[in-house]
Structure formats: structure tokens, C-alpha cells
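So this block is target-v5.tsv, TSV, N, CA and C atoms:
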chain	number	residue	atom	x	y	z
P	268	MET	N	1.10	19.89	-29.56
P	268	MET	CA	-0.07	19.94	-28.73
P	268	MET	C	0.37	20.08	-27.27
P	269	SER	N	-0.11	21.09	-26.60
P	269	SER	CA	0.27	21.28	-25.21
P	269	SER	C	-0.83	20.74	-24.30
P	270	VAL	N	-0.39	20.23	-23.18
P	270	VAL	CA	-1.34	19.70	-22.21
P	270	VAL	C	-1.50	20.75	-21.12
P	271	GLU	N	-2.71	21.17	-20.91
P	271	GLU	CA	-3.02	22.20	-19.91
P	271	GLU	C	-3.27	21.52	-18.56
P	272	ARG	N	-2.60	22.00	-17.53
P	272	ARG	CA	-2.85	21.48	-16.20
P	272	ARG	C	-4.11	22.11	-15.64
P	273	GLY	N	-4.78	21.35	-14.81
P	273	GLY	CA	-5.98	21.87	-14.16
P	273	GLY	C	-5.62	22.99	-13.20
P	274	SER	N	-6.56	23.87	-12.91
P	274	SER	CA	-6.29	25.00	-12.04
P	274	SER	C	-5.92	24.52	-10.63
P	275	GLU	N	-6.40	23.36	-10.22
P	275	GLU	CA	-6.07	22.85	-8.89
P	275	GLU	C	-4.58	22.53	-8.79
P	276	GLU	N	-4.01	21.94	-9.81
P	276	GLU	CA	-2.59	21.62	-9.81
P	276	GLU	C	-1.74	22.87	-9.83
P	277	ARG	N	-2.13	23.85	-10.63
P	277	ARG	CA	-1.36	25.08	-10.76
P	277	ARG	C	-1.36	25.89	-9.48
P	278	ASP	N	-2.50	25.95	-8.81
P	278	ASP	CA	-2.67	26.80	-7.65
P	278	ASP	C	-2.30	26.13	-6.34
P	279	GLN	N	-1.94	24.87	-6.39
P	279	GLN	CA	-1.65	24.15	-5.17
P	279	GLN	C	-0.33	24.63	-4.56
P	280	VAL	N	-0.41	25.10	-3.33
P	280	VAL	CA	0.76	25.58	-2.61
P	280	VAL	C	1.25	24.46	-1.70
P	281	PRO	N	2.57	24.20	-1.68
P	281	PRO	CA	3.08	23.13	-0.81
P	281	PRO	C	2.77	23.44	0.65
P	282	TYR	N	2.52	22.41	1.42
P	282	TYR	CA	2.20	22.54	2.84
P	282	TYR	C	3.44	22.98	3.61
P	283	ARG	N	3.31	24.02	4.42
P	283	ARG	CA	4.41	24.52	5.25
P	283	ARG	C	4.04	24.35	6.72
P	284	PRO	N	4.54	23.32	7.36
P	284	PRO	CA	4.21	23.10	8.78
P	284	PRO	C	4.96	24.07	9.69
P	285	ALA	N	4.45	24.25	10.88
P	285	ALA	CA	5.10	25.09	11.89
P	285	ALA	C	6.11	24.25	12.67
P	286	LEU	N	7.09	24.91	13.26
P	286	LEU	CA	8.05	24.20	14.10
P	286	LEU	C	7.32	23.54	15.26
P	287	GLY	N	7.66	22.31	15.54
P	287	GLY	CA	7.04	21.57	16.62
P	287	GLY	C	5.75	20.86	16.24
P	288	GLU	N	5.30	21.04	15.01
P	288	GLU	CA	4.05	20.41	14.56
P	288	GLU	C	4.27	18.95	14.20
P	289	LEU	N	3.27	18.13	14.48
P	289	LEU	CA	3.30	16.72	14.12
P	289	LEU	C	2.86	16.59	12.66
P	290	VAL	N	3.67	15.93	11.85
P	290	VAL	CA	3.36	15.75	10.44
P	290	VAL	C	3.59	14.30	10.03
P	291	GLY	N	3.04	13.94	8.90
P	291	GLY	CA	3.27	12.63	8.32
P	291	GLY	C	4.29	12.73	7.20
P	292	ASP	N	5.19	11.79	7.15
P	292	ASP	CA	6.18	11.70	6.07
P	292	ASP	C	5.74	10.54	5.18
P	293	ALA	N	5.18	10.86	4.03
P	293	ALA	CA	4.65	9.84	3.12
P	293	ALA	C	5.75	8.96	2.56
P	294	ASP	N	6.96	9.46	2.43
P	294	ASP	CA	8.06	8.67	1.88
P	294	ASP	C	8.47	7.56	2.84
P	295	ARG	N	8.58	7.88	4.13
P	295	ARG	CA	8.96	6.89	5.14
P	295	ARG	C	7.77	6.20	5.79
P	296	ARG	N	6.57	6.73	5.54
P	296	ARG	CA	5.34	6.21	6.14
P	296	ARG	C	5.41	6.23	7.66
P	297	CYS	N	5.78	7.40	8.20
P	297	CYS	CA	5.84	7.55	9.65
P	297	CYS	C	5.52	8.99	10.04
P	298	LEU	N	5.37	9.20	11.34
P	298	LEU	CA	5.08	10.52	11.88
P	298	LEU	C	6.35	11.13	12.42
P	299	GLY	N	6.41	12.46	12.38
P	299	GLY	CA	7.56	13.15	12.94
P	299	GLY	C	7.18	14.54	13.39
P	300	VAL	N	7.97	15.07	14.30
P	300	VAL	CA	7.80	16.44	14.78
P	300	VAL	C	8.77	17.31	14.00
P	301	VAL	N	8.29	18.43	13.49
P	301	VAL	CA	9.11	19.33	12.69
P	301	VAL	C	10.13	20.03	13.60
P	302	LYS	N	11.40	19.90	13.24
P	302	LYS	CA	12.48	20.53	14.00
P	302	LYS	C	13.09	21.71	13.26
P	303	GLY	N	12.93	21.76	11.96
P	303	GLY	CA	13.49	22.87	11.19
P	303	GLY	C	13.33	22.65	9.70
P	304	GLU	N	13.72	23.68	8.95
P	304	GLU	CA	13.61	23.64	7.49
P	304	GLU	C	14.87	24.22	6.88
P	305	LEU	N	15.34	23.61	5.81
P	305	LEU	CA	16.52	24.09	5.11
P	305	LEU	C	16.38	23.79	3.63
P	306	CYS	N	16.35	24.80	2.83
P	306	CYS	CA	16.30	24.68	1.37
P	306	CYS	C	15.15	23.80	0.88
P	307	GLY	N	13.98	23.95	1.46
P	307	GLY	CA	12.81	23.21	1.00
P	307	GLY	C	12.67	21.80	1.55
P	308	ALA	N	13.58	21.38	2.41
P	308	ALA	CA	13.49	20.07	3.04
P	308	ALA	C	13.25	20.28	4.53
P	309	TRP	N	12.55	19.35	5.16
P	309	TRP	CA	12.19	19.48	6.57
P	309	TRP	C	12.95	18.47	7.41
P	310	SER	N	13.42	18.93	8.55
P	310	SER	CA	14.09	18.07	9.52
P	310	SER	C	13.02	17.59	10.50
P	311	LEU	N	12.87	16.27	10.61
P	311	LEU	CA	11.85	15.68	11.46
P	311	LEU	C	12.49	14.76	12.48
P	312	ARG	N	11.80	14.58	13.62
P	312	ARG	CA	12.24	13.65	14.65
P	312	ARG	C	11.02	12.92	15.18
P	313	SER	N	11.18	11.68	15.54
P	313	SER	CA	10.11	10.89	16.11
P	313	SER	C	9.58	11.56	17.38
P	314	VAL	N	8.32	11.33	17.70
P	314	VAL	CA	7.70	11.89	18.89
P	314	VAL	C	8.45	11.45	20.14
P	315	THR	N	8.96	10.24	20.15
P	315	THR	CA	9.65	9.70	21.31
P	315	THR	C	11.16	9.96	21.29
P	316	GLY	N	11.63	10.78	20.36
P	316	GLY	CA	13.05	11.12	20.27
P	316	GLY	C	13.76	10.27	19.23
P	317	GLY	N	15.05	10.31	19.28
P	317	GLY	CA	15.83	9.54	18.31
P	317	GLY	C	16.54	10.45	17.32
P	318	VAL	N	17.03	9.85	16.27
P	318	VAL	CA	17.80	10.56	15.26
P	318	VAL	C	16.86	11.30	14.32
P	319	GLU	N	17.22	12.54	14.00
P	319	GLU	CA	16.42	13.31	13.04
P	319	GLU	C	16.65	12.78	11.64
P	320	TRP	N	15.67	13.01	10.77
P	320	TRP	CA	15.83	12.68	9.36
P	320	TRP	C	15.32	13.85	8.53
P	321	ILE	N	15.73	13.86	7.29
P	321	ILE	CA	15.36	14.92	6.36
P	321	ILE	C	14.26	14.39	5.46
P	322	ALA	N	13.18	15.17	5.34
P	322	ALA	CA	12.05	14.79	4.50
P	322	ALA	C	11.84	15.86	3.43
P	323	ASP	N	11.63	15.43	2.22
P	323	ASP	CA	11.34	16.34	1.12
P	323	ASP	C	9.99	17.00	1.36
P	324	ALA	N	9.89	18.27	1.04
P	324	ALA	CA	8.65	19.03	1.27
P	324	ALA	C	7.45	18.41	0.54
P	325	ALA	N	7.69	17.76	-0.57
P	325	ALA	CA	6.61	17.15	-1.35
P	325	ALA	C	5.98	15.96	-0.63
P	326	HIS	N	6.70	15.39	0.35
P	326	HIS	CA	6.21	14.19	1.05
P	326	HIS	C	5.59	14.50	2.41
P	327	ILE	N	5.57	15.76	2.80
P	327	ILE	CA	5.05	16.16	4.11
P	327	ILE	C	3.56	16.45	4.01
P	328	ARG	N	2.81	16.01	5.02
P	328	ARG	CA	1.38	16.29	5.08
P	328	ARG	C	0.96	16.47	6.53
P	329	ARG	N	-0.19	17.09	6.72
P	329	ARG	CA	-0.73	17.26	8.07
P	329	ARG	C	-1.05	15.90	8.68
P	330	ALA	N	-0.81	15.78	9.97
P	330	ALA	CA	-1.18	14.54	10.68
P	330	ALA	C	-2.68	14.59	10.97
P	331	SER	N	-3.33	13.46	10.83
P	331	SER	CA	-4.77	13.37	11.10
P	331	SER	C	-5.01	13.33	12.61
P	332	ARG	N	-6.26	13.45	13.01
P	332	ARG	CA	-6.61	13.36	14.44
P	332	ARG	C	-6.21	12.01	15.00
P	333	ALA	N	-6.45	10.96	14.24
P	333	ALA	CA	-6.09	9.61	14.68
P	333	ALA	C	-4.57	9.50	14.88
P	334	GLU	N	-3.80	10.10	13.99
P	334	GLU	CA	-2.34	10.05	14.11
P	334	GLU	C	-1.87	10.85	15.33
P	335	HIS	N	-2.57	11.94	15.65
P	335	HIS	CA	-2.24	12.69	16.86
P	335	HIS	C	-2.46	11.82	18.10
P	336	LEU	N	-3.54	11.06	18.10
P	336	LEU	CA	-3.81	10.15	19.22
P	336	LEU	C	-2.74	9.06	19.31
P	337	ILE	N	-2.37	8.49	18.18
P	337	ILE	CA	-1.34	7.45	18.14
P	337	ILE	C	-0.02	7.99	18.69
P	338	ALA	N	0.35	9.21	18.27
P	338	ALA	CA	1.60	9.82	18.74
P	338	ALA	C	1.54	10.09	20.24
P	339	GLY	N	0.37	10.54	20.72
P	339	GLY	CA	0.22	10.79	22.15
P	339	GLY	C	0.36	9.52	22.97
P	340	ILE	N	-0.22	8.44	22.50
P	340	ILE	CA	-0.10	7.15	23.20
P	340	ILE	C	1.34	6.66	23.18
P	341	ALA	N	2.02	6.81	22.06
P	341	ALA	CA	3.43	6.41	21.97
P	341	ALA	C	4.27	7.20	22.96
P	342	LEU	N	3.99	8.48	23.12
P	342	LEU	CA	4.72	9.34	24.05
P	342	LEU	C	4.47	8.91	25.50
P	343	VAL	N	3.21	8.66	25.85
P	343	VAL	CA	2.87	8.22	27.21
P	343	VAL	C	3.51	6.87	27.51
P	344	ASN	N	3.48	5.96	26.56
P	344	ASN	CA	4.09	4.64	26.77
P	344	ASN	C	5.60	4.74	26.96
P	345	ALA	N	6.26	5.59	26.17
P	345	ALA	CA	7.71	5.76	26.31
P	345	ALA	C	8.05	6.36	27.67
P	346	ARG	N	7.24	7.30	28.14
P	346	ARG	CA	7.47	7.88	29.46
P	346	ARG	C	7.28	6.83	30.55
P	347	SER	N	6.27	6.00	30.41
P	347	SER	CA	6.01	4.98	31.45
P	347	SER	C	7.13	3.95	31.51
P	348	ARG	N	7.82	3.72	30.40
P	348	ARG	CA	8.94	2.79	30.37
P	348	ARG	C	10.24	3.45	30.81
P	349	GLY	N	10.20	4.77	31.04
P	349	GLY	CA	11.39	5.49	31.46
P	349	GLY	C	12.33	5.83	30.32
P	350	GLU	N	11.88	5.73	29.09
P	350	GLU	CA	12.72	6.01	27.93
P	350	GLU	C	12.92	7.51	27.73
P	351	ILE	N	11.94	8.30	28.11
P	351	ILE	CA	12.05	9.77	28.03
P	351	ILE	C	11.49	10.38	29.30
P	352	LEU	N	11.89	11.60	29.59
P	352	LEU	CA	11.41	12.27	30.79
P	352	LEU	C	10.16	13.07	30.50

With the file now loaded, output its structure as C-alpha cells.
Amino acid sequence: MSVERGSEERDQVPYRPALGELVGDADRRCLGVVKGELCGAWSLRSVTGGVEWIADAAHIRRASRAEHLIAGIALVNARSRGEIL
């Protein structure tokens, strides 16, 4: 007996973010800016800088409007503390 997948599962295309786009990493439960892609994995970096990490394409999602606001506030706060220019 074979199990048929729904058309939604079959037709679902993985999300491909643009370079510089803010995305959510569901595996790490954090936000990151897309720095590059290699073999289906995405290189991400925190909005305020730091070490890049590799995220599997299956765990990447679009950042919500609220997350964009949170990232913007984090960036402004880091600048006010002199952590970034």
C-alpha cells in the first residue's frame, strides 16, 4: 500500500532568500542576514555582526515584520553602544 502525499507537499518549493535578506533560522531560533549559499546551505550572520554560521535550507524562513523591527532595534542599540559603526 503506497501513501500518496498531498499536492501541497509535492509542489512546495524551498524558500530561496536573497543576499542581504533578514531570515529566521528555525534550528537555532535566531535571526540572521544571508551572506551566501553553498550546496543548499546558507551562510548567515547576526544583524549586529559576529561569526557566520551555516544553516540548512530546510530551516530557513522569511522574517516577519515584528522580527524586522526587533533586528532594527538591535542594530540601533549596538550602534549607540559603539559596538558597530

Which polymer residues have any atom within 7 Å of an atom of Ala325 of chain P, counting all atoms listed in the file, with same-chain residues fewer than 6 positions away left out, as a PDB file with N, CA and C atoms, keeping the file's coordinate frame?
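The result, written out as result32.pdb:
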ATOM      1  N   PRO P 281       2.570  24.200  -1.680  1.00  0.00           N
ATOM      2  CA  PRO P 281       3.080  23.130  -0.810  1.00  0.00           C
ATOM      3  C   PRO P 281       2.770  23.440   0.650  1.00  0.00           C
ATOM      4  N   ALA P 293       5.180  10.860   4.030  1.00  0.00           N
ATOM      5  CA  ALA P 293       4.650   9.840   3.120  1.00  0.00           C
ATOM      6  C   ALA P 293       5.750   8.960   2.560  1.00  0.00           C
ATOM      7  N   GLY P 307      13.980  23.950   1.460  1.00  0.00           N
ATOM      8  CA  GLY P 307      12.810  23.210   1.000  1.00  0.00           C
ATOM      9  C   GLY P 307      12.670  21.800   1.550  1.00  0.00           C
TER      10      GLY P 307
END

Practice item. Can you pull out every residue within 8 Å of Cys297 of chain P, counting all atoms listed in the file, but drop anything in the same chain fewer than 6 positions away, and send it as a list in words? Key: Val290, Gly291 and Ser313 of chain P

Exercise for review: Enumerate, as a ChimeraX atom specification, the complete set of residues in chain P that a backbone-based DSSP assignment places in strand (DSSP E).
Suggested key: /P:289-292,297-305,308-312,320-323,327-329

What would the file look like if the residues just selected were written as an mmCIF file, keeping the file's coordinate frame with N, CA and C atoms?
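Dumped everything to selection-v8.cif:
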data_model
loop_
_atom_site.group_PDB
_atom_site.id
_atom_site.type_symbol
_atom_site.label_atom_id
_atom_site.label_comp_id
_atom_site.auth_asym_id
_atom_site.auth_seq_id
_atom_site.Cartn_x
_atom_site.Cartn_y
_atom_site.Cartn_z
ATOM 1 N N LEU P 289 3.270 18.130 14.480
ATOM 2 C CA LEU P 289 3.300 16.720 14.120
ATOM 3 C C LEU P 289 2.860 16.590 12.660
ATOM 4 N N VAL P 290 3.670 15.930 11.850
ATOM 5 C CA VAL P 290 3.360 15.750 10.440
ATOM 6 C C VAL P 290 3.590 14.300 10.030
ATOM 7 N N GLY P 291 3.040 13.940 8.900
ATOM 8 C CA GLY P 291 3.270 12.630 8.320
ATOM 9 C C GLY P 291 4.290 12.730 7.200
ATOM 10 N N ASP P 292 5.190 11.790 7.150
ATOM 11 C CA ASP P 292 6.180 11.700 6.070
ATOM 12 C C ASP P 292 5.740 10.540 5.180
ATOM 13 N N CYS P 297 5.780 7.400 8.200
ATOM 14 C CA CYS P 297 5.840 7.550 9.650
ATOM 15 C C CYS P 297 5.520 8.990 10.040
ATOM 16 N N LEU P 298 5.370 9.200 11.340
ATOM 17 C CA LEU P 298 5.080 10.520 11.880
ATOM 18 C C LEU P 298 6.350 11.130 12.420
ATOM 19 N N GLY P 299 6.410 12.460 12.380
ATOM 20 C CA GLY P 299 7.560 13.150 12.940
ATOM 21 C C GLY P 299 7.180 14.540 13.390
ATOM 22 N N VAL P 300 7.970 15.070 14.300
ATOM 23 C CA VAL P 300 7.800 16.440 14.780
ATOM 24 C C VAL P 300 8.770 17.310 14.000
ATOM 25 N N VAL P 301 8.290 18.430 13.490
ATOM 26 C CA VAL P 301 9.110 19.330 12.690
ATOM 27 C C VAL P 301 10.130 20.030 13.600
ATOM 28 N N LYS P 302 11.400 19.900 13.240
ATOM 29 C CA LYS P 302 12.480 20.530 14.000
ATOM 30 C C LYS P 302 13.090 21.710 13.260
ATOM 31 N N GLY P 303 12.930 21.760 11.960
ATOM 32 C CA GLY P 303 13.490 22.870 11.190
ATOM 33 C C GLY P 303 13.330 22.650 9.700
ATOM 34 N N GLU P 304 13.720 23.680 8.950
ATOM 35 C CA GLU P 304 13.610 23.640 7.490
ATOM 36 C C GLU P 304 14.870 24.220 6.880
ATOM 37 N N LEU P 305 15.340 23.610 5.810
ATOM 38 C CA LEU P 305 16.520 24.090 5.110
ATOM 39 C C LEU P 305 16.380 23.790 3.630
ATOM 40 N N ALA P 308 13.580 21.380 2.410
ATOM 41 C CA ALA P 308 13.490 20.070 3.040
ATOM 42 C C ALA P 308 13.250 20.280 4.530
ATOM 43 N N TRP P 309 12.550 19.350 5.160
ATOM 44 C CA TRP P 309 12.190 19.480 6.570
ATOM 45 C C TRP P 309 12.950 18.470 7.410
ATOM 46 N N SER P 310 13.420 18.930 8.550
ATOM 47 C CA SER P 310 14.090 18.070 9.520
ATOM 48 C C SER P 310 13.020 17.590 10.500
ATOM 49 N N LEU P 311 12.870 16.270 10.610
ATOM 50 C CA LEU P 311 11.850 15.680 11.460
ATOM 51 C C LEU P 311 12.490 14.760 12.480
ATOM 52 N N ARG P 312 11.800 14.580 13.620
ATOM 53 C CA ARG P 312 12.240 13.650 14.650
ATOM 54 C C ARG P 312 11.020 12.920 15.180
ATOM 55 N N TRP P 320 15.670 13.010 10.770
ATOM 56 C CA TRP P 320 15.830 12.680 9.360
ATOM 57 C C TRP P 320 15.320 13.850 8.530
ATOM 58 N N ILE P 321 15.730 13.860 7.290
ATOM 59 C CA ILE P 321 15.360 14.920 6.360
ATOM 60 C C ILE P 321 14.260 14.390 5.460
ATOM 61 N N ALA P 322 13.180 15.170 5.340
ATOM 62 C CA ALA P 322 12.050 14.790 4.500
ATOM 63 C C ALA P 322 11.840 15.860 3.430
ATOM 64 N N ASP P 323 11.630 15.430 2.220
ATOM 65 C CA ASP P 323 11.340 16.340 1.120
ATOM 66 C C ASP P 323 9.990 17.000 1.360
ATOM 67 N N ILE P 327 5.570 15.760 2.800
ATOM 68 C CA ILE P 327 5.050 16.160 4.110
ATOM 69 C C ILE P 327 3.560 16.450 4.010
ATOM 70 N N ARG P 328 2.810 16.010 5.020
ATOM 71 C CA ARG P 328 1.380 16.290 5.080
ATOM 72 C C ARG P 328 0.960 16.470 6.530
ATOM 73 N N ARG P 329 -0.190 17.090 6.720
ATOM 74 C CA ARG P 329 -0.730 17.260 8.070
ATOM 75 C C ARG P 329 -1.050 15.900 8.680
#

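Among the candidates P:Leu298, P:Ala324, P:Leu286, P:Ala308, the one nearest to Ala338 of chain P when counting all atoms listed in the file is P:Leu298.
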
Exercise for review: Run DSSP on the backbone of this structure and report the residues of chain P it assigns to alpha helix (DSSP H), as a ChimeraX atom specification.
Suggested key: /P:274-278,332-347

Check your understanding: So how many Å separate atom N of Ala333 of chain P and atom C of Ser310 of chain P, to one decimal?
Key -> 20.9 Å

Check your understanding: Can you tell me, as a PyMOL selection string, what residues are no more than 12 Å from Trp320 of chain P when counting only C-alpha atoms, ignoring any on the same chain fewer than 4 positions away?
Key -> chain P and resi 292+294-295+297-304+308-313+316

Grab the residues selected above and save them as a PDB file, keeping the file's coordinate frame with N, CA and C atoms.
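Saved result, selection-v3.pdb, follows:
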ATOM      1  N   ASP P 292       5.190  11.790   7.150  1.00  0.00           N
ATOM      2  CA  ASP P 292       6.180  11.700   6.070  1.00  0.00           C
ATOM      3  C   ASP P 292       5.740  10.540   5.180  1.00  0.00           C
ATOM      4  N   ASP P 294       6.960   9.460   2.430  1.00  0.00           N
ATOM      5  CA  ASP P 294       8.060   8.670   1.880  1.00  0.00           C
ATOM      6  C   ASP P 294       8.470   7.560   2.840  1.00  0.00           C
ATOM      7  N   ARG P 295       8.580   7.880   4.130  1.00  0.00           N
ATOM      8  CA  ARG P 295       8.960   6.890   5.140  1.00  0.00           C
ATOM      9  C   ARG P 295       7.770   6.200   5.790  1.00  0.00           C
ATOM     10  N   CYS P 297       5.780   7.400   8.200  1.00  0.00           N
ATOM     11  CA  CYS P 297       5.840   7.550   9.650  1.00  0.00           C
ATOM     12  C   CYS P 297       5.520   8.990  10.040  1.00  0.00           C
ATOM     13  N   LEU P 298       5.370   9.200  11.340  1.00  0.00           N
ATOM     14  CA  LEU P 298       5.080  10.520  11.880  1.00  0.00           C
ATOM     15  C   LEU P 298       6.350  11.130  12.420  1.00  0.00           C
ATOM     16  N   GLY P 299       6.410  12.460  12.380  1.00  0.00           N
ATOM     17  CA  GLY P 299       7.560  13.150  12.940  1.00  0.00           C
ATOM     18  C   GLY P 299       7.180  14.540  13.390  1.00  0.00           C
ATOM     19  N   VAL P 300       7.970  15.070  14.300  1.00  0.00           N
ATOM     20  CA  VAL P 300       7.800  16.440  14.780  1.00  0.00           C
ATOM     21  C   VAL P 300       8.770  17.310  14.000  1.00  0.00           C
ATOM     22  N   VAL P 301       8.290  18.430  13.490  1.00  0.00           N
ATOM     23  CA  VAL P 301       9.110  19.330  12.690  1.00  0.00           C
ATOM     24  C   VAL P 301      10.130  20.030  13.600  1.00  0.00           C
ATOM     25  N   LYS P 302      11.400  19.900  13.240  1.00  0.00           N
ATOM     26  CA  LYS P 302      12.480  20.530  14.000  1.00  0.00           C
ATOM     27  C   LYS P 302      13.090  21.710  13.260  1.00  0.00           C
ATOM     28  N   GLY P 303      12.930  21.760  11.960  1.00  0.00           N
ATOM     29  CA  GLY P 303      13.490  22.870  11.190  1.00  0.00           C
ATOM     30  C   GLY P 303      13.330  22.650   9.700  1.00  0.00           C
ATOM     31  N   GLU P 304      13.720  23.680   8.950  1.00  0.00           N
ATOM     32  CA  GLU P 304      13.610  23.640   7.490  1.00  0.00           C
ATOM     33  C   GLU P 304      14.870  24.220   6.880  1.00  0.00           C
ATOM     34  N   ALA P 308      13.580  21.380   2.410  1.00  0.00           N
ATOM     35  CA  ALA P 308      13.490  20.070   3.040  1.00  0.00           C
ATOM     36  C   ALA P 308      13.250  20.280   4.530  1.00  0.00           C
ATOM     37  N   TRP P 309      12.550  19.350   5.160  1.00  0.00           N
ATOM     38  CA  TRP P 309      12.190  19.480   6.570  1.00  0.00           C
ATOM     39  C   TRP P 309      12.950  18.470   7.410  1.00  0.00           C
ATOM     40  N   SER P 310      13.420  18.930   8.550  1.00  0.00           N
ATOM     41  CA  SER P 310      14.090  18.070   9.520  1.00  0.00           C
ATOM     42  C   SER P 310      13.020  17.590  10.500  1.00  0.00           C
ATOM     43  N   LEU P 311      12.870  16.270  10.610  1.00  0.00           N
ATOM     44  CA  LEU P 311      11.850  15.680  11.460  1.00  0.00           C
ATOM     45  C   LEU P 311      12.490  14.760  12.480  1.00  0.00           C
ATOM     46  N   ARG P 312      11.800  14.580  13.620  1.00  0.00           N
ATOM     47  CA  ARG P 312      12.240  13.650  14.650  1.00  0.00           C
ATOM     48  C   ARG P 312      11.020  12.920  15.180  1.00  0.00           C
ATOM     49  N   SER P 313      11.180  11.680  15.540  1.00  0.00           N
ATOM     50  CA  SER P 313      10.110  10.890  16.110  1.00  0.00           C
ATOM     51  C   SER P 313       9.580  11.560  17.380  1.00  0.00           C
ATOM     52  N   GLY P 316      11.630  10.780  20.360  1.00  0.00           N
ATOM     53  CA  GLY P 316      13.050  11.120  20.270  1.00  0.00           C
ATOM     54  C   GLY P 316      13.760  10.270  19.230  1.00  0.00           C
TER      55      GLY P 316
END

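One distance worth recording is that between atom N of Ala330 of chain P and atom CA of Val314 of chain P, which is 12.9 Å.
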
Report the centre and edge lengths, in Å to one decimal, of an axis-aligned box enclosing every atom of segment 311-314 of chain P listed in the file, padded by 6 Å on each side, as lines of an AutoDock Vina configuration file.
center_x = 10.3
center_y = 13.6
center_z = 15.4
size_x = 17.2
size_y = 17.4
size_z = 21.5

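Atom to atom, atom N of Leu342 of chain P and atom CA of Leu289 of chain P stand 12.2 Å apart.
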
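When only N, CA and C atoms are used to measure the gap to Arg283 of chain P, the shortest distance among P:Ile321, P:Ile327, P:Arg296, P:Leu352 belongs to P:Ile327.
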